[in-house]
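A.B. asks: If it helps, the file is called my_file11.pdb and holds PDB, C-alpha atoms:
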ATOM      1  CA  ALA A 275       0.000   0.000   0.000
ATOM      2  CA  GLY A 276       3.036   2.267   0.036
ATOM      3  CA  THR A 277       2.604   2.995   3.748
ATOM      4  CA  ARG A 278       5.960   1.548   4.861
ATOM      5  CA  ALA A 279       4.029  -0.336   7.540
ATOM      6  CA  VAL A 280       2.510  -3.802   7.739
ATOM      7  CA  ALA A 281      -0.884  -4.160   9.370
ATOM      8  CA  GLY A 282      -1.739  -7.129  11.541
ATOM      9  CA  THR A 283       1.764  -8.051  12.718
ATOM     10  CA  GLY A 284       0.932  -8.146  16.407
ATOM     11  CA  LEU A 285       3.755  -5.703  17.183
ATOM     12  CA  ASP A 286       2.877  -2.632  19.176
ATOM     13  CA  ALA A 287       4.363  -0.260  21.744
ATOM     14  CA  GLY A 288       3.614  -2.757  24.511
ATOM     15  CA  ASN A 289       5.615  -5.679  23.126
ATOM     16  CA  VAL A 290       8.274  -4.178  20.857
ATOM     17  CA  SER A 291      10.827  -4.353  23.685
ATOM     18  CA  THR A 292      10.677  -8.171  23.507
ATOM     19  CA  LEU A 293      12.160  -8.244  19.984
ATOM     20  CA  ARG A 294      15.666  -9.692  19.620
ATOM     21  CA  VAL A 295      18.260  -9.571  16.838
ATOM     22  CA  ARG A 296      18.189 -12.720  14.674
ATOM     23  CA  TRP A 297      20.869 -11.689  12.194
ATOM     24  CA  ARG A 298      22.708  -8.657  10.874
ATOM     25  CA  PHE A 299      23.760  -7.650   7.390
ATOM     26  CA  PRO A 300      26.760  -5.308   7.111
ATOM     27  CA  LEU A 301      26.387  -2.476   4.604
ATOM     28  CA  THR A 302      29.859  -1.712   3.280
ATOM     29  CA  THR A 303      29.233   1.266   0.997
ATOM     30  CA  LYS A 304      31.109   4.376   2.084
ATOM     31  CA  PRO A 305      28.709   6.767   3.842
ATOM     32  CA  ASN A 306      27.661  10.041   2.267
ATOM     33  CA  PHE A 307      25.596  12.850   3.801
ATOM     34  CA  SER A 308      22.596  10.468   3.866
ATOM     35  CA  GLY A 309      24.494   7.595   5.498
ATOM     36  CA  THR A 310      24.823   4.176   3.830
ATOM     37  CA  PHE A 311      21.198   3.136   3.650
ATOM     38  CA  SER A 312      18.016   5.140   3.096
ATOM     39  CA  SER A 313      15.325   2.718   2.022
ATOM     40  CA  THR A 314      12.887   0.315   3.546
ATOM     41  CA  PRO A 315      13.801  -3.367   3.067
ATOM     42  CA  VAL A 316      11.274  -5.314   1.027
ATOM     43  CA  ALA A 317      10.174  -8.788   2.123
ATOM     44  CA  ASP A 318       8.788 -11.284  -0.372
ATOM     45  CA  GLY A 319       8.281 -14.844   0.830
ATOM     46  CA  ASP A 320      11.515 -16.042   2.403
ATOM     47  CA  THR A 321      13.703 -13.315   0.893
ATOM     48  CA  ILE A 322      14.520  -9.787   2.069
ATOM     49  CA  TYR A 323      15.703  -7.299  -0.563
ATOM     50  CA  VAL A 324      17.796  -4.256   0.393
ATOM     51  CA  GLN A 325      19.486  -1.476  -1.559
ATOM     52  CA  ASP A 326      22.409   0.567  -0.244
ATOM     53  CA  LEU A 327      23.381   4.116  -1.227
ATOM     54  CA  GLY A 328      25.756   2.727  -3.865
ATOM     55  CA  SER A 329      22.567   1.469  -5.585
ATOM     56  CA  ASN A 330      23.713  -2.105  -4.896
ATOM     57  CA  VAL A 331      20.926  -4.651  -4.388
ATOM     58  CA  PHE A 332      21.128  -7.664  -2.074
ATOM     59  CA  ALA A 333      18.771 -10.631  -1.739
ATOM     60  CA  LEU A 334      19.014 -12.043   1.786
ATOM     61  CA  ASP A 335      17.616 -15.232   3.278
ATOM     62  CA  ARG A 336      14.894 -14.128   5.679
ATOM     63  CA  ALA A 337      15.762 -16.732   8.321
ATOM     64  CA  THR A 338      19.558 -16.422   8.341
ATOM     65  CA  GLY A 339      20.499 -13.158   6.604
ATOM     66  CA  ALA A 340      22.768 -15.077   4.210
ATOM     67  CA  VAL A 341      23.284 -13.391   0.838
ATOM     68  CA  ARG A 342      21.453 -15.283  -1.917
ATOM     69  CA  TRP A 343      22.645 -12.942  -4.654
ATOM     70  CA  SER A 344      23.827  -9.388  -5.124
ATOM     71  CA  LYS A 345      23.804  -6.963  -8.019
ATOM     72  CA  ARG A 346      26.479  -4.300  -7.727
ATOM     73  CA  PHE A 347      25.891  -1.033  -9.534
ATOM     74  CA  ASN A 348      28.305   1.095  -7.467
ATOM     75  CA  ALA A 349      26.367   4.061  -8.801
ATOM     76  CA  SER A 350      25.590   7.325  -7.097
ATOM     77  CA  ASN A 351      22.416   7.288  -5.053
ATOM     78  CA  ASP A 352      21.905  10.009  -2.465
ATOM     79  CA  GLY A 353      18.502   8.599  -1.516
ATOM     80  CA  PRO A 354      15.821   8.161  -0.800
ATOM     81  CA  ASN A 355      15.890   5.013  -2.842
ATOM     82  CA  GLY A 356      14.165   1.688  -2.522
ATOM     83  CA  LEU A 357      12.968  -1.402  -4.269
ATOM     84  CA  ALA A 358       9.690  -2.924  -5.344
ATOM     85  CA  VAL A 359       8.886  -6.569  -6.054
ATOM     86  CA  ALA A 360       6.235  -7.661  -8.556
ATOM     87  CA  GLY A 361       5.795 -10.489 -11.045
ATOM     88  CA  GLY A 362       9.117 -12.196 -10.309
ATOM     89  CA  ARG A 363      11.053  -8.963 -10.775
ATOM     90  CA  ILE A 364      12.822  -6.440  -8.572
ATOM     91  CA  TYR A 365      12.514  -2.793  -9.649
ATOM     92  CA  GLY A 366      14.866  -0.076  -8.442
ATOM     93  CA  ALA A 367      16.740   3.072  -9.390
ATOM     94  CA  THR A 368      20.083   4.808  -9.138
ATOM     95  CA  ASP A 369      20.288   8.624  -9.133
ATOM     96  CA  ASP A 370      20.097   8.516 -12.962
ATOM     97  CA  ASP A 371      18.537   5.249 -14.094
ATOM     98  CA  ALA A 372      15.749   2.758 -13.486
ATOM     99  CA  PHE A 373      16.364  -0.997 -13.610
ATOM    100  CA  SER A 374      14.733  -4.393 -13.333
ATOM    101  CA  LEU A 375      16.342  -7.537 -11.928
ATOM    102  CA  SER A 376      15.287 -11.173 -11.828
ATOM    103  CA  GLU A 377      13.875 -11.886  -8.376
ATOM    104  CA  SER A 378      15.468 -15.358  -8.313
ATOM    105  CA  THR A 379      18.960 -14.625  -9.703
ATOM    106  CA  GLY A 380      19.564 -10.852  -9.610
ATOM    107  CA  LYS A 381      20.294 -10.865 -13.352
ATOM    108  CA  GLU A 382      19.659  -7.453 -14.911
ATOM    109  CA  LEU A 383      16.591  -7.631 -17.174
ATOM    110  CA  TRP A 384      16.572  -3.996 -18.342
ATOM    111  CA  HIS A 385      18.150  -0.636 -17.556
ATOM    112  CA  ARG A 386      16.676   2.762 -18.565
ATOM    113  CA  HIS A 387      18.411   6.150 -18.288
ATOM    114  CA  LEU A 388      15.946   8.827 -17.076
ATOM    115  CA  THR A 389      17.868  11.994 -16.208
ATOM    116  CA  SER A 390      18.934  14.948 -18.357
ATOM    117  CA  ALA A 391      20.276  18.484 -17.965
ATOM    118  CA  GLN A 392      16.787  19.527 -16.775
ATOM    119  CA  GLU A 393      15.879  16.383 -14.798
ATOM    120  CA  GLN A 394      18.928  15.744 -12.641
ATOM    121  CA  PHE A 395      17.795  13.148 -10.128
ATOM    122  CA  VAL A 396      15.504  10.103  -9.755
ATOM    123  CA  ASN A 397      13.779  10.834  -6.480
ATOM    124  CA  ASP A 398      11.803   7.830  -5.271
ATOM    125  CA  ALA A 399      11.360   4.095  -5.134
ATOM    126  CA  PRO A 400       9.561   2.566  -8.115
ATOM    127  CA  VAL A 401       5.889   1.637  -7.923
ATOM    128  CA  PRO A 402       4.798  -1.270 -10.158
ATOM    129  CA  TRP A 403       1.143  -1.372 -11.235
ATOM    130  CA  LYS A 404      -0.694  -3.212 -14.017
ATOM    131  CA  GLY A 405       2.307  -3.784 -16.278
ATOM    132  CA  LEU A 406       3.845  -0.370 -15.618
ATOM    133  CA  VAL A 407       6.527   0.915 -13.261
ATOM    134  CA  PHE A 408       6.194   4.519 -12.056
ATOM    135  CA  LEU A 409       9.180   6.684 -11.082
ATOM    136  CA  SER A 410       9.803  10.402 -10.925
ATOM    137  CA  THR A 411      12.647  12.794 -11.512
ATOM    138  CA  ILE A 412      13.279  16.204 -10.035
ATOM    139  CA  GLY A 413      15.097  19.172 -11.457
ATOM    140  CA  TYR A 414      17.157  21.795  -9.719
ATOM    141  CA  ALA A 415      17.269  25.496 -10.448
ATOM    142  CA  PRO A 416      18.095  27.062 -12.772
ATOM    143  CA  ARG A 417      15.922  25.594 -15.540
ATOM    144  CA  GLY A 418      15.210  22.343 -13.707
ATOM    145  CA  ARG A 419      12.098  20.316 -14.403
ATOM    146  CA  GLY A 420      10.714  17.120 -12.954
ATOM    147  CA  ALA A 421       8.650  14.365 -14.547
ATOM    148  CA  ILE A 422       6.648  11.278 -13.723
ATOM    149  CA  TYR A 423       7.519   8.274 -15.887
ATOM    150  CA  ALA A 424       5.475   5.183 -16.671
ATOM    151  CA  LEU A 425       7.869   2.492 -17.844
ATOM    152  CA  ASP A 426       6.842  -0.828 -19.373
ATOM    153  CA  ALA A 427       7.457  -3.328 -16.563
ATOM    154  CA  ALA A 428       8.667  -6.023 -18.977
ATOM    155  CA  THR A 429      11.006  -3.938 -21.158
ATOM    156  CA  GLY A 430      11.697  -0.628 -19.386
ATOM    157  CA  ALA A 431      10.470   1.317 -22.426
ATOM    158  CA  VAL A 432       8.947   4.718 -21.637
ATOM    159  CA  ARG A 433       5.185   4.319 -22.135
ATOM    160  CA  TRP A 434       4.460   7.931 -21.130
ATOM    161  CA  LYS A 435       5.997  10.904 -19.366
ATOM    162  CA  PHE A 436       4.274  13.777 -17.555
ATOM    163  CA  VAL A 437       6.342  16.897 -16.892
ATOM    164  CA  THR A 438       5.458  18.153 -13.402
ATOM    165  CA  ILE A 439       6.892  21.684 -13.706
ATOM    166  CA  ALA A 440       5.246  23.630 -16.531
ATOM    167  CA  LYS A 441       8.128  26.044 -17.062
ATOM    168  CA  PRO A 442      11.756  25.553 -16.046
ATOM    169  CA  TRP A 443      12.647  27.117 -12.717
ATOM    170  CA  PRO A 444      14.105  30.586 -13.408
ATOM    171  CA  HIS A 445      16.272  30.701 -10.258
TER     172      HIS A 445
END
Spell out the structure here as structure tokens.

C.D. replies:
Amino acid sequence: AGTRAVAGTGLDAGNVSTLRVRWRFPLTTKPNFSGTFSSTPVADGDTIYVQDLGSNVFALDRATGAVRWSKRFNASNDGPNGLAVAGGRIYGATDDDAFSLSESTGKELWHRHLTSAQEQFVNDAPVPWKGLVFLSTIGYAPRGRGAIYALDAATGAVRWKFVTIAKPWPH
């Protein structure tokens, strides 16, 4: 639902203190002003997917934290970033590009460049819906513009684009 919360877990303020660490996963990307991690992990079945601020994606065993696979982009990502899982695919973004990975192997399925001189930054986690993947860019002054993109979930092709700033920022 995009709420970053899961209803019906049984966790609340009265029992959260009883939680214990089961495993840890070390993030090794060098920190930037946002840290090393600025997304919500995504759970799907027995796998947890995480993305660090180097845009690297890791599939972890939910029970043990063991790495099942990793896809290293080592690409700039100041955050917020994040992943989405749908239809056997992982969707994510770097600061400049959107991508799709195989949920089972981490193999890159497609990669689409989205930024330009006017749209300098991909600014959110992807949202898959009915065969599309939505992302947005932002633009900085001067002359920056942002856009919402609908990408084909299977191919990464731009199905449509909506510019969110009618005229480039003058200053």

A.B. asks: Apply the PyMOL selection byres ((chain A and resi 379) around 10) to the structure shown and report the selected residues as a list of chain:residue names.

C.D. replies: A:Ala333, A:Arg342, A:Trp343, A:Ser344, A:Lys345, A:Arg363, A:Leu375, A:Ser376, A:Glu377, A:Ser378, A:Gly380, A:Lys381, A:Glu382

A.B. asks: Excluding segment 336-338 of chain A and residues on its chain fewer than 2 positions from it, collect all residues at most 7 Å away from it, counting all atoms listed in the file, and give them as a list in words.

C.D. replies: Trp297, Asp320, Thr321, Ile322, Leu334 and Ala340 of chain A

A.B. asks: Measuring atom to atom with all atoms listed in the file, identify which of A:Gly413, A:Pro402, A:Pro300, A:Pro305 is nearest to Asp370 of chain A.

C.D. replies: A:Gly413

A.B. asks: Just the number, please: distance in Å from atom CA of Thr310 of chain A to atom CA of Asp352 of chain A, one decimal.

C.D. replies: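 Value for the atom CA of Thr310 of chain A-atom CA of Asp352 of chain A distance: 9.1 Å.
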
A.B. asks: Please provide the set of residues having any atom within 10 Å of Gly356 of chain A, restricted to only C-alpha atoms, with same-chain residues fewer than 3 positions apart removed, written as an MDAnalysis selection string.

C.D. replies: chainID A and resid 311:316 323:327 329 331 353 365:368 397:401

A.B. asks: Hey, which of A:Gly339, A:Pro354, A:Pro416, A:Gly430 ends up closest to Leu383 of chain A? Count all atoms listed in the file.

C.D. replies: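 Comparing A:Gly339, A:Pro354, A:Pro416, A:Gly430 against Leu383 of chain A, the winner is A:Gly430.
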
A.B. asks: Name the residues that the PyMOL selection byres ((chain A and resi 433) around 10) picks from the file above, as a PyMOL selection string, using the file's chain letters and numbers.

C.D. replies: chain A and resi 406-407+423-427+430-432+434-435

A.B. asks: Go through A:Arg294, A:Trp403, A:Leu388, A:Phe395 and flag the residue nearest Val359 of chain A, using only C-alpha atoms for the distances.

C.D. replies: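 Of all the options, A:Trp403 lies closest to Val359 of chain A.
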
A.B. asks: Which residue, A:Ser374, A:Thr292, A:Thr411, A:Asn306, has the smallest gap to Ala391 of chain A when you use all atoms listed in the file?

C.D. replies: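 Distance minimum relative to Ala391 of chain A lands on A:Thr411.
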
A.B. asks: Please complete segment 414-425 of chain A so it has all heavy atoms, and hand it over as an mmCIF file, in the frame of the given file.

C.D. replies:
data_model
loop_
_atom_site.group_PDB
_atom_site.id
_atom_site.type_symbol
_atom_site.label_atom_id
_atom_site.label_comp_id
_atom_site.auth_asym_id
_atom_site.auth_seq_id
_atom_site.Cartn_x
_atom_site.Cartn_y
_atom_site.Cartn_z
ATOM 1 N N TYR A 414 16.682 20.718 -10.575
ATOM 2 C CA TYR A 414 17.157 21.795 -9.719
ATOM 3 C C TYR A 414 17.256 23.093 -10.515
ATOM 4 O O TYR A 414 17.472 23.078 -11.727
ATOM 5 C CB TYR A 414 18.530 21.449 -9.140
ATOM 6 C CG TYR A 414 18.515 20.224 -8.270
ATOM 7 C CD1 TYR A 414 19.145 19.055 -8.659
ATOM 8 C CD2 TYR A 414 17.858 20.230 -7.046
ATOM 9 C CE1 TYR A 414 19.131 17.924 -7.862
ATOM 10 C CE2 TYR A 414 17.836 19.108 -6.240
ATOM 11 C CZ TYR A 414 18.475 17.959 -6.650
ATOM 12 O OH TYR A 414 18.461 16.848 -5.858
ATOM 13 N N ALA A 415 17.118 24.189 -9.825
ATOM 14 C CA ALA A 415 17.269 25.496 -10.448
ATOM 15 C C ALA A 415 18.728 25.711 -10.822
ATOM 16 O O ALA A 415 19.607 25.176 -10.149
ATOM 17 C CB ALA A 415 16.797 26.584 -9.482
ATOM 18 N N PRO A 416 19.050 26.436 -11.866
ATOM 19 C CA PRO A 416 18.095 27.062 -12.772
ATOM 20 C C PRO A 416 17.670 26.108 -13.898
ATOM 21 O O PRO A 416 18.410 25.219 -14.264
ATOM 22 C CB PRO A 416 18.888 28.230 -13.347
ATOM 23 C CG PRO A 416 20.302 27.744 -13.361
ATOM 24 C CD PRO A 416 20.431 26.821 -12.165
ATOM 25 N N ARG A 417 16.506 26.303 -14.407
ATOM 26 C CA ARG A 417 15.922 25.594 -15.540
ATOM 27 C C ARG A 417 15.596 24.131 -15.279
ATOM 28 O O ARG A 417 15.416 23.352 -16.206
ATOM 29 C CB ARG A 417 16.799 25.748 -16.787
ATOM 30 C CG ARG A 417 16.907 27.183 -17.256
ATOM 31 C CD ARG A 417 17.634 27.331 -18.560
ATOM 32 N NE ARG A 417 19.054 27.031 -18.507
ATOM 33 C CZ ARG A 417 19.989 27.825 -18.019
ATOM 34 N NH1 ARG A 417 19.660 28.978 -17.527
ATOM 35 N NH2 ARG A 417 21.249 27.467 -18.043
ATOM 36 N N GLY A 418 15.542 23.724 -14.019
ATOM 37 C CA GLY A 418 15.210 22.343 -13.707
ATOM 38 C C GLY A 418 13.742 22.041 -13.923
ATOM 39 O O GLY A 418 12.889 22.909 -13.810
ATOM 40 N N ARG A 419 13.472 20.798 -14.244
ATOM 41 C CA ARG A 419 12.098 20.316 -14.403
ATOM 42 C C ARG A 419 12.050 18.895 -13.860
ATOM 43 O O ARG A 419 13.034 18.176 -13.900
ATOM 44 C CB ARG A 419 11.687 20.306 -15.861
ATOM 45 C CG ARG A 419 11.705 21.693 -16.474
ATOM 46 C CD ARG A 419 11.363 21.636 -17.920
ATOM 47 N NE ARG A 419 9.915 21.744 -18.020
ATOM 48 C CZ ARG A 419 9.290 21.992 -19.155
ATOM 49 N NH1 ARG A 419 9.950 22.138 -20.270
ATOM 50 N NH2 ARG A 419 7.982 22.083 -19.179
ATOM 51 N N GLY A 420 10.913 18.496 -13.398
ATOM 52 C CA GLY A 420 10.714 17.120 -12.954
ATOM 53 C C GLY A 420 9.684 16.445 -13.828
ATOM 54 O O GLY A 420 8.953 17.102 -14.568
ATOM 55 N N ALA A 421 9.617 15.116 -13.750
ATOM 56 C CA ALA A 421 8.650 14.365 -14.547
ATOM 57 C C ALA A 421 8.268 13.086 -13.826
ATOM 58 O O ALA A 421 9.038 12.553 -13.027
ATOM 59 C CB ALA A 421 9.225 14.041 -15.923
ATOM 60 N N ILE A 422 7.083 12.597 -14.144
ATOM 61 C CA ILE A 422 6.648 11.278 -13.723
ATOM 62 C C ILE A 422 6.739 10.390 -14.957
ATOM 63 O O ILE A 422 6.280 10.765 -16.035
ATOM 64 C CB ILE A 422 5.209 11.303 -13.179
ATOM 65 C CG1 ILE A 422 5.133 12.194 -11.947
ATOM 66 C CG2 ILE A 422 4.732 9.885 -12.872
ATOM 67 C CD1 ILE A 422 3.730 12.443 -11.454
ATOM 68 N N TYR A 423 7.355 9.220 -14.789
ATOM 69 C CA TYR A 423 7.519 8.274 -15.887
ATOM 70 C C TYR A 423 6.696 7.024 -15.626
ATOM 71 O O TYR A 423 6.656 6.526 -14.502
ATOM 72 C CB TYR A 423 8.983 7.837 -16.003
ATOM 73 C CG TYR A 423 9.887 8.866 -16.593
ATOM 74 C CD1 TYR A 423 10.454 9.862 -15.808
ATOM 75 C CD2 TYR A 423 10.179 8.848 -17.950
ATOM 76 C CE1 TYR A 423 11.296 10.815 -16.358
ATOM 77 C CE2 TYR A 423 11.026 9.795 -18.505
ATOM 78 C CZ TYR A 423 11.575 10.773 -17.699
ATOM 79 O OH TYR A 423 12.408 11.709 -18.252
ATOM 80 N N ALA A 424 6.085 6.512 -16.685
ATOM 81 C CA ALA A 424 5.475 5.183 -16.671
ATOM 82 C C ALA A 424 6.302 4.332 -17.616
ATOM 83 O O ALA A 424 6.320 4.560 -18.830
ATOM 84 C CB ALA A 424 4.025 5.241 -17.120
ATOM 85 N N LEU A 425 7.036 3.387 -17.052
ATOM 86 C CA LEU A 425 7.869 2.492 -17.844
ATOM 87 C C LEU A 425 7.157 1.157 -18.018
ATOM 88 O O LEU A 425 6.439 0.703 -17.113
ATOM 89 C CB LEU A 425 9.214 2.260 -17.158
ATOM 90 C CG LEU A 425 10.036 3.495 -16.796
ATOM 91 C CD1 LEU A 425 11.336 3.066 -16.121
ATOM 92 C CD2 LEU A 425 10.316 4.348 -18.014
#
